[in-house]
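Asks: If it helps, the file is called upload.cif and holds mmCIF, N, CA and C atoms and all ligand atoms:
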data_start
loop_
_atom_site.label_atom_id
_atom_site.label_comp_id
_atom_site.auth_asym_id
_atom_site.auth_seq_id
_atom_site.Cartn_x
_atom_site.Cartn_y
_atom_site.Cartn_z
N MET A 131 10.37 -14.42 -15.46
CA MET A 131 10.61 -13.44 -14.38
C MET A 131 10.69 -14.16 -13.04
N ALA A 132 11.48 -13.61 -12.16
CA ALA A 132 11.71 -14.27 -10.87
C ALA A 132 10.58 -14.01 -9.88
N THR A 133 10.47 -14.93 -8.91
CA THR A 133 9.55 -14.70 -7.80
C THR A 133 10.09 -13.54 -6.96
N GLU A 134 9.19 -12.60 -6.67
CA GLU A 134 9.55 -11.40 -5.90
C GLU A 134 8.58 -11.22 -4.75
N ARG A 135 8.96 -10.31 -3.85
CA ARG A 135 8.06 -9.86 -2.79
C ARG A 135 7.93 -8.35 -2.86
N THR A 136 6.74 -7.85 -2.53
CA THR A 136 6.50 -6.41 -2.50
C THR A 136 5.68 -6.05 -1.28
N LEU A 137 5.83 -4.81 -0.83
CA LEU A 137 5.08 -4.34 0.35
C LEU A 137 3.80 -3.66 -0.13
N SER A 138 2.69 -4.07 0.44
CA SER A 138 1.38 -3.50 0.12
C SER A 138 0.77 -2.94 1.40
N ILE A 139 0.07 -1.82 1.27
CA ILE A 139 -0.70 -1.28 2.40
C ILE A 139 -2.13 -1.02 1.94
N LEU A 140 -3.09 -1.54 2.69
CA LEU A 140 -4.49 -1.16 2.50
C LEU A 140 -4.71 0.05 3.39
N LYS A 141 -4.98 1.19 2.77
CA LYS A 141 -4.96 2.48 3.46
C LYS A 141 -6.25 2.71 4.29
N PRO A 142 -6.24 3.76 5.13
CA PRO A 142 -7.39 3.97 6.03
C PRO A 142 -8.73 4.12 5.32
N ASP A 143 -8.75 4.65 4.09
CA ASP A 143 -10.05 4.76 3.40
C ASP A 143 -10.61 3.38 3.08
N ALA A 144 -9.70 2.41 2.86
CA ALA A 144 -10.14 1.04 2.54
C ALA A 144 -10.61 0.31 3.79
N THR A 145 -9.86 0.44 4.91
CA THR A 145 -10.31 -0.26 6.12
C THR A 145 -11.61 0.34 6.64
N ARG A 146 -11.75 1.68 6.51
CA ARG A 146 -12.97 2.35 7.00
C ARG A 146 -14.21 1.82 6.29
N ARG A 147 -14.06 1.52 4.98
CA ARG A 147 -15.22 1.06 4.19
C ARG A 147 -15.30 -0.46 4.14
N ASN A 148 -14.46 -1.16 4.96
CA ASN A 148 -14.54 -2.62 5.08
C ASN A 148 -14.25 -3.32 3.75
N LEU A 149 -13.22 -2.80 3.04
CA LEU A 149 -12.91 -3.30 1.70
C LEU A 149 -11.71 -4.24 1.67
N THR A 150 -11.20 -4.65 2.83
CA THR A 150 -9.94 -5.41 2.80
C THR A 150 -10.10 -6.73 2.04
N GLY A 151 -11.21 -7.40 2.23
CA GLY A 151 -11.42 -8.67 1.53
C GLY A 151 -11.55 -8.50 0.03
N LYS A 152 -12.28 -7.47 -0.38
CA LYS A 152 -12.46 -7.24 -1.82
C LYS A 152 -11.12 -6.93 -2.49
N ILE A 153 -10.27 -6.16 -1.81
CA ILE A 153 -8.96 -5.83 -2.40
C ILE A 153 -8.06 -7.05 -2.39
N ASN A 154 -8.04 -7.79 -1.28
CA ASN A 154 -7.22 -9.00 -1.23
C ASN A 154 -7.64 -10.00 -2.31
N ALA A 155 -8.92 -10.06 -2.61
CA ALA A 155 -9.39 -10.98 -3.65
C ALA A 155 -8.78 -10.63 -5.00
N LYS A 156 -8.57 -9.35 -5.26
CA LYS A 156 -7.95 -8.96 -6.53
C LYS A 156 -6.49 -9.41 -6.58
N PHE A 157 -5.78 -9.27 -5.46
CA PHE A 157 -4.39 -9.74 -5.45
C PHE A 157 -4.34 -11.25 -5.73
N GLU A 158 -5.19 -11.98 -5.04
CA GLU A 158 -5.16 -13.44 -5.17
C GLU A 158 -5.62 -13.88 -6.56
N ALA A 159 -6.62 -13.20 -7.11
CA ALA A 159 -7.09 -13.56 -8.46
C ALA A 159 -6.00 -13.35 -9.50
N ALA A 160 -5.11 -12.39 -9.23
CA ALA A 160 -4.01 -12.11 -10.17
C ALA A 160 -2.80 -12.99 -9.91
N GLY A 161 -2.88 -13.88 -8.95
CA GLY A 161 -1.80 -14.83 -8.73
C GLY A 161 -0.80 -14.44 -7.66
N LEU A 162 -1.02 -13.30 -6.99
CA LEU A 162 -0.13 -12.92 -5.88
C LEU A 162 -0.60 -13.62 -4.61
N ARG A 163 0.36 -14.01 -3.78
CA ARG A 163 0.06 -14.67 -2.50
C ARG A 163 0.34 -13.70 -1.37
N ILE A 164 -0.57 -13.64 -0.39
CA ILE A 164 -0.36 -12.80 0.80
C ILE A 164 0.43 -13.64 1.78
N VAL A 165 1.76 -13.38 1.86
CA VAL A 165 2.63 -14.24 2.67
C VAL A 165 2.91 -13.65 4.05
N ALA A 166 2.41 -12.43 4.29
CA ALA A 166 2.43 -11.82 5.63
C ALA A 166 1.37 -10.73 5.63
N GLN A 167 0.74 -10.52 6.79
CA GLN A 167 -0.31 -9.51 6.86
C GLN A 167 -0.59 -9.14 8.32
N LYS A 168 -0.72 -7.84 8.59
CA LYS A 168 -1.17 -7.42 9.93
C LYS A 168 -1.84 -6.05 9.85
N ARG A 169 -2.74 -5.84 10.82
CA ARG A 169 -3.49 -4.59 10.90
C ARG A 169 -2.85 -3.71 11.97
N LEU A 170 -2.59 -2.44 11.63
CA LEU A 170 -1.86 -1.52 12.51
C LEU A 170 -2.53 -0.17 12.54
N GLN A 171 -2.33 0.55 13.62
CA GLN A 171 -2.61 1.99 13.65
C GLN A 171 -1.25 2.68 13.61
N LEU A 172 -0.93 3.34 12.50
CA LEU A 172 0.36 4.03 12.38
C LEU A 172 0.37 5.26 13.28
N SER A 173 1.53 5.55 13.87
CA SER A 173 1.74 6.82 14.57
C SER A 173 2.18 7.86 13.53
N VAL A 174 2.11 9.13 13.91
CA VAL A 174 2.59 10.19 13.02
C VAL A 174 4.06 9.95 12.68
N ALA A 175 4.87 9.62 13.67
CA ALA A 175 6.30 9.41 13.42
C ALA A 175 6.52 8.25 12.45
N GLN A 176 5.75 7.19 12.60
CA GLN A 176 5.90 6.04 11.69
C GLN A 176 5.49 6.41 10.26
N ALA A 177 4.38 7.14 10.12
CA ALA A 177 3.93 7.53 8.78
C ALA A 177 4.93 8.48 8.14
N GLU A 178 5.48 9.40 8.91
CA GLU A 178 6.50 10.32 8.38
C GLU A 178 7.73 9.56 7.92
N ALA A 179 8.14 8.57 8.71
CA ALA A 179 9.33 7.80 8.35
C ALA A 179 9.07 6.96 7.10
N PHE A 180 7.90 6.33 7.04
CA PHE A 180 7.60 5.47 5.89
C PHE A 180 7.57 6.28 4.60
N TYR A 181 6.97 7.47 4.64
CA TYR A 181 6.84 8.31 3.45
C TYR A 181 7.93 9.38 3.38
N GLY A 182 9.07 9.12 4.02
CA GLY A 182 10.16 10.10 4.08
C GLY A 182 10.61 10.63 2.73
N VAL A 183 10.53 9.80 1.68
CA VAL A 183 10.96 10.27 0.34
C VAL A 183 10.07 11.41 -0.16
N HIS A 184 8.86 11.53 0.39
CA HIS A 184 7.93 12.58 -0.07
C HIS A 184 7.93 13.80 0.85
N ARG A 185 8.91 13.89 1.76
CA ARG A 185 8.92 14.93 2.79
C ARG A 185 8.82 16.34 2.22
N GLU A 186 9.42 16.57 1.05
CA GLU A 186 9.44 17.92 0.46
C GLU A 186 8.22 18.20 -0.41
N ARG A 187 7.38 17.21 -0.62
CA ARG A 187 6.22 17.40 -1.51
C ARG A 187 5.13 18.19 -0.79
N GLY A 188 4.38 18.96 -1.57
CA GLY A 188 3.34 19.81 -0.98
C GLY A 188 2.27 19.02 -0.25
N PHE A 189 2.06 17.76 -0.66
CA PHE A 189 0.99 16.96 -0.07
C PHE A 189 1.44 16.15 1.14
N PHE A 190 2.71 16.31 1.57
CA PHE A 190 3.27 15.41 2.60
C PHE A 190 2.47 15.46 3.91
N ARG A 191 2.19 16.67 4.43
CA ARG A 191 1.52 16.77 5.73
C ARG A 191 0.12 16.15 5.67
N ASP A 192 -0.60 16.47 4.59
CA ASP A 192 -1.94 15.89 4.42
C ASP A 192 -1.88 14.37 4.30
N LEU A 193 -0.86 13.88 3.59
CA LEU A 193 -0.71 12.43 3.40
C LEU A 193 -0.50 11.75 4.75
N VAL A 194 0.38 12.32 5.58
CA VAL A 194 0.64 11.74 6.90
C VAL A 194 -0.64 11.76 7.74
N THR A 195 -1.36 12.88 7.72
CA THR A 195 -2.61 12.98 8.49
C THR A 195 -3.61 11.92 8.03
N PHE A 196 -3.70 11.73 6.71
CA PHE A 196 -4.59 10.69 6.18
C PHE A 196 -4.16 9.29 6.62
N MET A 197 -2.87 9.02 6.55
CA MET A 197 -2.39 7.66 6.85
C MET A 197 -2.55 7.27 8.32
N VAL A 198 -2.69 8.28 9.20
CA VAL A 198 -2.91 7.96 10.62
C VAL A 198 -4.38 8.13 11.01
N SER A 199 -5.25 8.36 10.01
CA SER A 199 -6.66 8.66 10.31
C SER A 199 -7.47 7.41 10.65
N GLY A 200 -6.87 6.24 10.53
CA GLY A 200 -7.54 4.99 10.85
C GLY A 200 -6.57 3.85 10.66
N PRO A 201 -7.00 2.63 10.93
CA PRO A 201 -6.10 1.49 10.78
C PRO A 201 -5.70 1.25 9.33
N VAL A 202 -4.53 0.64 9.18
CA VAL A 202 -4.08 0.17 7.87
C VAL A 202 -3.83 -1.33 7.99
N VAL A 203 -3.81 -2.01 6.86
CA VAL A 203 -3.39 -3.41 6.81
C VAL A 203 -2.12 -3.45 5.96
N VAL A 204 -1.02 -3.87 6.59
CA VAL A 204 0.25 -3.99 5.86
C VAL A 204 0.46 -5.45 5.49
N GLN A 205 1.00 -5.66 4.30
CA GLN A 205 1.08 -7.03 3.79
C GLN A 205 2.33 -7.20 2.93
N VAL A 206 2.78 -8.42 2.85
CA VAL A 206 3.80 -8.79 1.87
C VAL A 206 3.12 -9.67 0.83
N LEU A 207 3.23 -9.25 -0.42
CA LEU A 207 2.69 -10.02 -1.55
C LEU A 207 3.84 -10.69 -2.28
N GLU A 208 3.65 -11.95 -2.65
CA GLU A 208 4.70 -12.72 -3.31
C GLU A 208 4.18 -13.28 -4.62
N GLY A 209 5.03 -13.26 -5.64
CA GLY A 209 4.67 -13.87 -6.92
C GLY A 209 5.64 -13.47 -8.00
N GLU A 210 5.38 -13.95 -9.20
CA GLU A 210 6.21 -13.62 -10.35
C GLU A 210 6.17 -12.11 -10.58
N GLY A 211 7.31 -11.46 -10.56
CA GLY A 211 7.36 -10.02 -10.82
C GLY A 211 6.39 -9.25 -9.95
N ALA A 212 6.36 -9.57 -8.67
CA ALA A 212 5.31 -9.05 -7.77
C ALA A 212 5.27 -7.53 -7.69
N VAL A 213 6.42 -6.87 -7.80
CA VAL A 213 6.42 -5.40 -7.68
C VAL A 213 5.60 -4.80 -8.82
N ALA A 214 5.94 -5.16 -10.04
CA ALA A 214 5.22 -4.60 -11.20
C ALA A 214 3.79 -5.14 -11.27
N ALA A 215 3.62 -6.41 -10.94
CA ALA A 215 2.28 -7.00 -10.99
C ALA A 215 1.33 -6.27 -10.05
N ASN A 216 1.83 -5.95 -8.85
CA ASN A 216 0.98 -5.24 -7.89
C ASN A 216 0.67 -3.83 -8.37
N ARG A 217 1.66 -3.15 -8.95
CA ARG A 217 1.40 -1.80 -9.46
C ARG A 217 0.30 -1.84 -10.54
N GLU A 218 0.30 -2.89 -11.35
CA GLU A 218 -0.76 -3.05 -12.36
C GLU A 218 -2.13 -3.23 -11.72
N ILE A 219 -2.19 -4.07 -10.69
CA ILE A 219 -3.46 -4.33 -10.02
C ILE A 219 -3.97 -3.07 -9.33
N MET A 220 -3.03 -2.27 -8.78
CA MET A 220 -3.39 -1.03 -8.07
C MET A 220 -3.98 0.01 -9.01
N GLY A 221 -3.36 0.21 -10.15
CA GLY A 221 -3.74 1.28 -11.06
C GLY A 221 -3.02 2.58 -10.73
N ALA A 222 -3.24 3.61 -11.55
CA ALA A 222 -2.53 4.87 -11.42
C ALA A 222 -2.85 5.56 -10.10
N THR A 223 -1.88 6.37 -9.62
CA THR A 223 -2.02 7.09 -8.34
C THR A 223 -3.34 7.86 -8.27
N ASN A 224 -3.64 8.59 -9.34
CA ASN A 224 -4.89 9.35 -9.41
C ASN A 224 -5.98 8.44 -9.98
N PRO A 225 -7.02 8.15 -9.20
CA PRO A 225 -8.04 7.21 -9.69
C PRO A 225 -8.68 7.66 -11.00
N ALA A 226 -8.65 8.96 -11.28
CA ALA A 226 -9.21 9.44 -12.54
C ALA A 226 -8.43 8.88 -13.73
N ASN A 227 -7.17 8.50 -13.50
CA ASN A 227 -6.32 7.96 -14.57
C ASN A 227 -6.14 6.45 -14.48
N ALA A 228 -6.77 5.81 -13.50
CA ALA A 228 -6.55 4.38 -13.26
C ALA A 228 -7.37 3.55 -14.25
N ALA A 229 -6.74 2.51 -14.78
CA ALA A 229 -7.39 1.65 -15.78
C ALA A 229 -8.58 0.93 -15.16
N PRO A 230 -9.62 0.68 -15.97
CA PRO A 230 -10.80 -0.05 -15.47
C PRO A 230 -10.39 -1.40 -14.86
N GLY A 231 -11.03 -1.75 -13.76
CA GLY A 231 -10.76 -3.03 -13.12
C GLY A 231 -9.67 -2.98 -12.08
N THR A 232 -8.89 -1.89 -12.05
CA THR A 232 -7.84 -1.78 -11.03
C THR A 232 -8.46 -1.40 -9.68
N VAL A 233 -7.68 -1.64 -8.61
CA VAL A 233 -8.17 -1.32 -7.27
C VAL A 233 -8.54 0.15 -7.17
N ARG A 234 -7.65 1.01 -7.67
CA ARG A 234 -7.91 2.44 -7.51
C ARG A 234 -9.08 2.90 -8.37
N ALA A 235 -9.24 2.33 -9.56
CA ALA A 235 -10.40 2.70 -10.39
C ALA A 235 -11.70 2.32 -9.68
N GLU A 236 -11.70 1.16 -9.04
CA GLU A 236 -12.94 0.67 -8.42
C GLU A 236 -13.21 1.27 -7.05
N PHE A 237 -12.13 1.53 -6.28
CA PHE A 237 -12.34 1.83 -4.86
C PHE A 237 -11.82 3.17 -4.38
N ALA A 238 -10.84 3.78 -5.05
CA ALA A 238 -10.22 4.99 -4.50
C ALA A 238 -11.23 6.12 -4.40
N GLU A 239 -11.07 6.92 -3.34
CA GLU A 239 -11.94 8.08 -3.15
C GLU A 239 -11.35 9.33 -3.79
N SER A 240 -10.00 9.41 -3.86
CA SER A 240 -9.32 10.62 -4.35
C SER A 240 -7.87 10.27 -4.63
N ILE A 241 -7.11 11.23 -5.17
CA ILE A 241 -5.68 10.99 -5.41
C ILE A 241 -4.96 10.71 -4.11
N GLU A 242 -5.45 11.26 -3.00
CA GLU A 242 -4.81 11.00 -1.70
C GLU A 242 -5.36 9.71 -1.08
N ALA A 243 -6.67 9.63 -0.94
CA ALA A 243 -7.31 8.46 -0.33
C ALA A 243 -7.53 7.41 -1.42
N ASN A 244 -6.39 6.83 -1.87
CA ASN A 244 -6.44 5.96 -3.04
C ASN A 244 -6.27 4.48 -2.70
N SER A 245 -6.65 4.13 -1.48
CA SER A 245 -6.93 2.74 -1.06
C SER A 245 -5.73 1.83 -0.85
N VAL A 246 -4.68 1.99 -1.66
CA VAL A 246 -3.55 1.06 -1.57
C VAL A 246 -2.21 1.77 -1.78
N HIS A 247 -1.19 1.21 -1.12
CA HIS A 247 0.21 1.53 -1.41
C HIS A 247 0.86 0.27 -1.96
N GLY A 248 1.79 0.44 -2.90
CA GLY A 248 2.61 -0.68 -3.36
C GLY A 248 4.01 -0.19 -3.65
N SER A 249 5.01 -0.97 -3.26
CA SER A 249 6.40 -0.60 -3.51
C SER A 249 6.60 -0.35 -5.01
N ASP A 250 7.54 0.57 -5.33
CA ASP A 250 7.75 0.93 -6.74
C ASP A 250 9.00 0.31 -7.35
N SER A 251 9.78 -0.44 -6.57
CA SER A 251 10.96 -1.14 -7.12
C SER A 251 11.31 -2.28 -6.17
N ALA A 252 12.08 -3.23 -6.66
CA ALA A 252 12.50 -4.34 -5.81
C ALA A 252 13.35 -3.83 -4.64
N GLU A 253 14.18 -2.82 -4.91
CA GLU A 253 15.04 -2.26 -3.86
C GLU A 253 14.18 -1.63 -2.76
N ASN A 254 13.22 -0.80 -3.16
CA ASN A 254 12.35 -0.17 -2.15
C ASN A 254 11.47 -1.21 -1.46
N ALA A 255 11.09 -2.25 -2.18
CA ALA A 255 10.27 -3.30 -1.56
C ALA A 255 11.02 -3.92 -0.38
N ALA A 256 12.30 -4.19 -0.55
CA ALA A 256 13.08 -4.81 0.53
C ALA A 256 13.13 -3.89 1.74
N VAL A 257 13.33 -2.59 1.50
CA VAL A 257 13.38 -1.62 2.61
C VAL A 257 12.02 -1.52 3.29
N GLU A 258 10.94 -1.45 2.48
CA GLU A 258 9.60 -1.27 3.04
C GLU A 258 9.11 -2.52 3.78
N ILE A 259 9.46 -3.70 3.27
CA ILE A 259 9.09 -4.94 3.97
C ILE A 259 9.78 -4.98 5.33
N ALA A 260 11.07 -4.61 5.36
CA ALA A 260 11.83 -4.63 6.62
C ALA A 260 11.31 -3.58 7.60
N PHE A 261 10.68 -2.52 7.09
CA PHE A 261 10.11 -1.48 7.96
C PHE A 261 9.00 -2.07 8.83
N PHE A 262 8.23 -3.01 8.28
CA PHE A 262 7.05 -3.52 8.98
C PHE A 262 7.17 -4.95 9.50
N PHE A 263 8.01 -5.77 8.90
CA PHE A 263 7.99 -7.20 9.21
C PHE A 263 9.37 -7.73 9.57
N ALA A 264 9.40 -8.61 10.57
CA ALA A 264 10.57 -9.43 10.83
C ALA A 264 10.52 -10.64 9.90
N GLY A 265 11.66 -11.19 9.60
CA GLY A 265 11.72 -12.33 8.69
C GLY A 265 10.83 -13.47 9.11
N ILE A 266 10.75 -13.70 10.42
CA ILE A 266 9.98 -14.83 10.95
C ILE A 266 8.47 -14.67 10.73
N GLU A 267 8.03 -13.44 10.43
CA GLU A 267 6.60 -13.17 10.22
C GLU A 267 6.16 -13.41 8.77
N ILE A 268 7.12 -13.66 7.88
CA ILE A 268 6.81 -13.83 6.46
C ILE A 268 6.92 -15.32 6.13
N VAL A 269 5.79 -15.89 5.73
CA VAL A 269 5.75 -17.34 5.51
C VAL A 269 5.30 -17.60 4.07
N GLY A 270 6.24 -17.92 3.22
CA GLY A 270 5.95 -18.08 1.79
C GLY A 270 5.43 -19.47 1.48
P1 LIG A 301 1.96 5.84 -5.54
O1 LIG A 301 1.23 5.52 -4.25
O2 LIG A 301 1.11 5.56 -6.75
O3 LIG A 301 3.33 5.20 -5.63
P2 LIG A 301 3.34 8.35 -4.94
O4 LIG A 301 3.70 9.39 -5.97
O5 LIG A 301 4.44 7.50 -4.39
O6 LIG A 301 2.18 7.44 -5.57
O7 LIG A 301 2.60 9.09 -3.76
C1 LIG A 301 2.42 8.46 -2.51
C2 LIG A 301 1.01 8.75 -2.03
O8 LIG A 301 0.87 10.15 -1.79
C3 LIG A 301 -0.10 8.45 -3.05
O9 LIG A 301 -0.47 7.09 -3.10
C4 LIG A 301 -1.23 9.32 -2.53
O10 LIG A 301 -1.85 8.74 -1.38
C5 LIG A 301 -0.45 10.57 -2.11
N1 LIG A 301 -0.36 11.56 -3.19
C6 LIG A 301 0.41 11.49 -4.32
N2 LIG A 301 0.24 12.57 -5.08
C7 LIG A 301 -0.65 13.36 -4.44
C8 LIG A 301 -1.24 14.65 -4.73
O11 LIG A 301 -0.95 15.27 -5.76
N3 LIG A 301 -2.14 15.12 -3.81
C9 LIG A 301 -2.46 14.45 -2.65
N4 LIG A 301 -1.92 13.26 -2.35
C10 LIG A 301 -1.04 12.71 -3.22
MG MG A 302 4.99 5.51 -4.40
#
Show me the file's structure as structure tokens.
Ligand code: IDP
Ligand code: MG
Replies:
Amino acid sequence: MATERTLSILKPDATRRNLTGKINAKFEAAGLRIVAQKRLQLSVAQAEAFYGVHRERGFFRDLVTFMVSGPVVVQVLEGEGAVAANREIMGATNPANAAPGTVRAEFAESIEANSVHGSDSAENAAVEIAFFFAGIEIVG
């Protein structure tokens, strides 16, 4: 499998509980490299734009409110099959369904406050990385 990049976000529930290091350790233990990283406070407009695909979903307004409720850490992860590898490390959206040892099984508070975002395809990863990072900020 080819080396890929994926967009990861450590969500406000994770930064609030000071879990960024514990989550990053899981990425690194699985062989992913953090090749870009910054801490941001998203605006409502930015959160709405980032989650635009979910605009029609019933949880959209609550999701946006949650994502602006505190700082996030946005990151680019690089490695073999990074998109799928990161989804494995994250676990299922609902922590009740997340496999043991995954970030969401260990750390998520709820289906909404589930600690991490990860791109779901290589195509979306490229769009999501460009949303947050200039090329010069990504150092592989
Ligand atoms: P994913 O993060 O596992 O890719 P998506 O379906 O893309 O899951 O949903 C985006 C985010 O929206 C989730 O990570 C979670 O924070 C929130 N979310 C998804 N489904 C629900 C729900 O049924 N209730 C509340 N929030 C949800
Ligand atoms: Mg998703």
Asks: Given the choices A:His247, A:Glu267, A:Asn216, A:Ser199, which gets closest to Phe157 in chain A if the distance is worked out from only N, CA and C atoms?
Replies: A:Asn216
Asks: Using all atoms listed in the file, which protein or nucleic acid residues are at most 8 Å from ligand MG 302 (chain A), as number ranges by chain?
Replies: A: 247-251
Asks: Could you list, as a list in words, all residues that come within 6.5 Å of ligand LIG 301 (chain A)? Count only N, CA and C atoms and all ligand atoms.
Replies: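 Using only N, CA and C atoms and all ligand atoms, I find these residues within 6.5 Å of ligand LIG 301 (chain A): Phe189, Leu193, Gly221, Ala222, Thr223, Asn224, Ile241, Glu242, Ala243, Asn244, Val246, His247, Gly248, Ser249 and Asp250 of chain A.
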Asks: Under the rule that all atoms listed in the file are counted, which of A:Ile266, A:Val202, A:Ile219, A:Glu134 is the nearest residue to Lys168 in chain A?
Replies: A:Val202
Asks: How big is the axis-aligned box around the listed atoms of range 198-217 of chain A once 3 Å is added on each side, and where is its centre? Give both in Å to one decimal, as JSON.
Replies:
{"center_x": -0.1, "center_y": -2.6, "center_z": -0.1, "size_x": 20.9, "size_y": 28.6, "size_z": 28.3}
Asks: Please identify the strand (DSSP E) residues within range 157-249 of chain A (assignment by DSSP from backbone atoms) and present them as a list in words.
Replies: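 Selection result, strand (DSSP E) within range 157-249 of chain A: Arg163, Ile164, Val165, Ala166, Gln167, Lys168, Arg169, Leu170, Val202, Val203, Val204, Gln205, Val206, Leu207, Glu208, Gly209, Glu210, Val246, His247 and Gly248 of chain A.
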Asks: Between atom N of Arg146 in chain A and atom N of Val206 in chain A, measure the distance and give it in Å to one decimal.
Replies: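 According to the coordinates, atom N of Arg146 in chain A and atom N of Val206 in chain A are separated by 18.1 Å.
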Asks: Considering only C-alpha atoms, can you say which of A:Thr133, A:Asn154, A:Thr145, A:Asn254 comes closest to Val233 in chain A?
Replies: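 Between A:Thr133, A:Asn154, A:Thr145, A:Asn254, the residue approaching Val233 in chain A most closely is A:Asn154.
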Asks: Atom C of Val269 in chain A and atom C of Phe237 in chain A, how far apart in Å?
Replies: 28.2 Å
Asks: Give the answer as one residue: which of A:Glu253, A:Glu208, A:Asp192, A:Glu239 has the shortest atom-to-atom distance to Ala144 in chain A, using only C-alpha atoms?
Replies: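 When distances to Ala144 in chain A are compared using only C-alpha atoms, the smallest one comes from A:Glu239.
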Asks: State, in Å with one decimal place, the distance from CA of Glu210 in chain A to CA of His184 in chain A.
Replies: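 Result for CA of Glu210 in chain A versus CA of His184 in chain A: 28.2 Å, one decimal.
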Asks: Around the point (-0.9, -11.9, 3.1), in the coordinates given by the file, pick out the residues reaching within 6.5 Å, counting only N, CA and C atoms, and return them as a PDB file with N, CA and C atoms, in the frame of the given file.
Replies:
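Written out: selection.pdb:
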ATOM      1  N   ARG A 163       0.360 -14.010  -3.780  1.00  0.00           N
ATOM      2  CA  ARG A 163       0.060 -14.670  -2.500  1.00  0.00           C
ATOM      3  C   ARG A 163       0.340 -13.700  -1.370  1.00  0.00           C
ATOM      4  N   ILE A 164      -0.570 -13.640  -0.390  1.00  0.00           N
ATOM      5  CA  ILE A 164      -0.360 -12.800   0.800  1.00  0.00           C
ATOM      6  C   ILE A 164       0.430 -13.640   1.780  1.00  0.00           C
ATOM      7  N   VAL A 165       1.760 -13.380   1.860  1.00  0.00           N
ATOM      8  CA  VAL A 165       2.630 -14.240   2.670  1.00  0.00           C
ATOM      9  C   VAL A 165       2.910 -13.650   4.050  1.00  0.00           C
ATOM     10  N   ALA A 166       2.410 -12.430   4.290  1.00  0.00           N
ATOM     11  CA  ALA A 166       2.430 -11.820   5.630  1.00  0.00           C
ATOM     12  C   ALA A 166       1.370 -10.730   5.630  1.00  0.00           C
ATOM     13  N   GLN A 167       0.740 -10.520   6.790  1.00  0.00           N
ATOM     14  CA  GLN A 167      -0.310  -9.510   6.860  1.00  0.00           C
ATOM     15  C   GLN A 167      -0.590  -9.140   8.320  1.00  0.00           C
ATOM     16  N   GLN A 205       1.000  -5.660   4.300  1.00  0.00           N
ATOM     17  CA  GLN A 205       1.080  -7.030   3.790  1.00  0.00           C
ATOM     18  C   GLN A 205       2.330  -7.200   2.930  1.00  0.00           C
ATOM     19  N   VAL A 206       2.780  -8.420   2.850  1.00  0.00           N
ATOM     20  CA  VAL A 206       3.800  -8.790   1.870  1.00  0.00           C
ATOM     21  C   VAL A 206       3.120  -9.670   0.830  1.00  0.00           C
ATOM     22  N   LEU A 207       3.230  -9.250  -0.420  1.00  0.00           N
ATOM     23  CA  LEU A 207       2.690 -10.020  -1.550  1.00  0.00           C
ATOM     24  C   LEU A 207       3.840 -10.690  -2.280  1.00  0.00           C
TER      25      LEU A 207
END
Asks: According to DSSP computed on the backbone, where in range 177-223 of chain A is there helix (DSSP H, G or I)? Give the residues as number ranges by chain.
Replies: A: 177-180, 182-184, 190-197, 212-220
Asks: Taking (-5.3, -2.7, 5.8) in the coordinates of the supplied file, I want to know which residues reach to within 6 Å of it, counting all atoms listed in the file; could you give the answer as an mmCIF file with N, CA and C atoms, in the coordinates of the input?
Replies:
data_model
loop_
_atom_site.group_PDB
_atom_site.id
_atom_site.type_symbol
_atom_site.label_atom_id
_atom_site.label_comp_id
_atom_site.auth_asym_id
_atom_site.auth_seq_id
_atom_site.Cartn_x
_atom_site.Cartn_y
_atom_site.Cartn_z
ATOM 1 N N ILE A 139 0.070 -1.820 1.270
ATOM 2 C CA ILE A 139 -0.700 -1.280 2.400
ATOM 3 C C ILE A 139 -2.130 -1.020 1.940
ATOM 4 N N LEU A 140 -3.090 -1.540 2.690
ATOM 5 C CA LEU A 140 -4.490 -1.160 2.500
ATOM 6 C C LEU A 140 -4.710 0.050 3.390
ATOM 7 N N LYS A 141 -4.980 1.190 2.770
ATOM 8 C CA LYS A 141 -4.960 2.480 3.460
ATOM 9 C C LYS A 141 -6.250 2.710 4.290
ATOM 10 N N THR A 145 -9.860 0.440 4.910
ATOM 11 C CA THR A 145 -10.310 -0.260 6.120
ATOM 12 C C THR A 145 -11.610 0.340 6.640
ATOM 13 N N ARG A 169 -2.740 -5.840 10.820
ATOM 14 C CA ARG A 169 -3.490 -4.590 10.900
ATOM 15 C C ARG A 169 -2.850 -3.710 11.970
ATOM 16 N N PRO A 201 -7.000 2.630 10.930
ATOM 17 C CA PRO A 201 -6.100 1.490 10.780
ATOM 18 C C PRO A 201 -5.700 1.250 9.330
ATOM 19 N N VAL A 202 -4.530 0.640 9.180
ATOM 20 C CA VAL A 202 -4.080 0.170 7.870
ATOM 21 C C VAL A 202 -3.830 -1.330 7.990
ATOM 22 N N VAL A 203 -3.810 -2.010 6.860
ATOM 23 C CA VAL A 203 -3.390 -3.410 6.810
ATOM 24 C C VAL A 203 -2.120 -3.450 5.960
ATOM 25 N N VAL A 204 -1.020 -3.870 6.590
ATOM 26 C CA VAL A 204 0.250 -3.990 5.860
ATOM 27 C C VAL A 204 0.460 -5.450 5.490
#
Asks: Between A:Gly211, A:Gly200, A:Pro230, A:Pro142, single out the one closest to Leu172 in chain A, counting all atoms listed in the file.
Replies: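 Closest candidate: A:Gly200.
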Asks: Nearest residue to Glu178 in chain A out of A:Glu218, A:Val194, A:Ala132, A:Ile268, using only N, CA and C atoms?
Replies: A:Val194
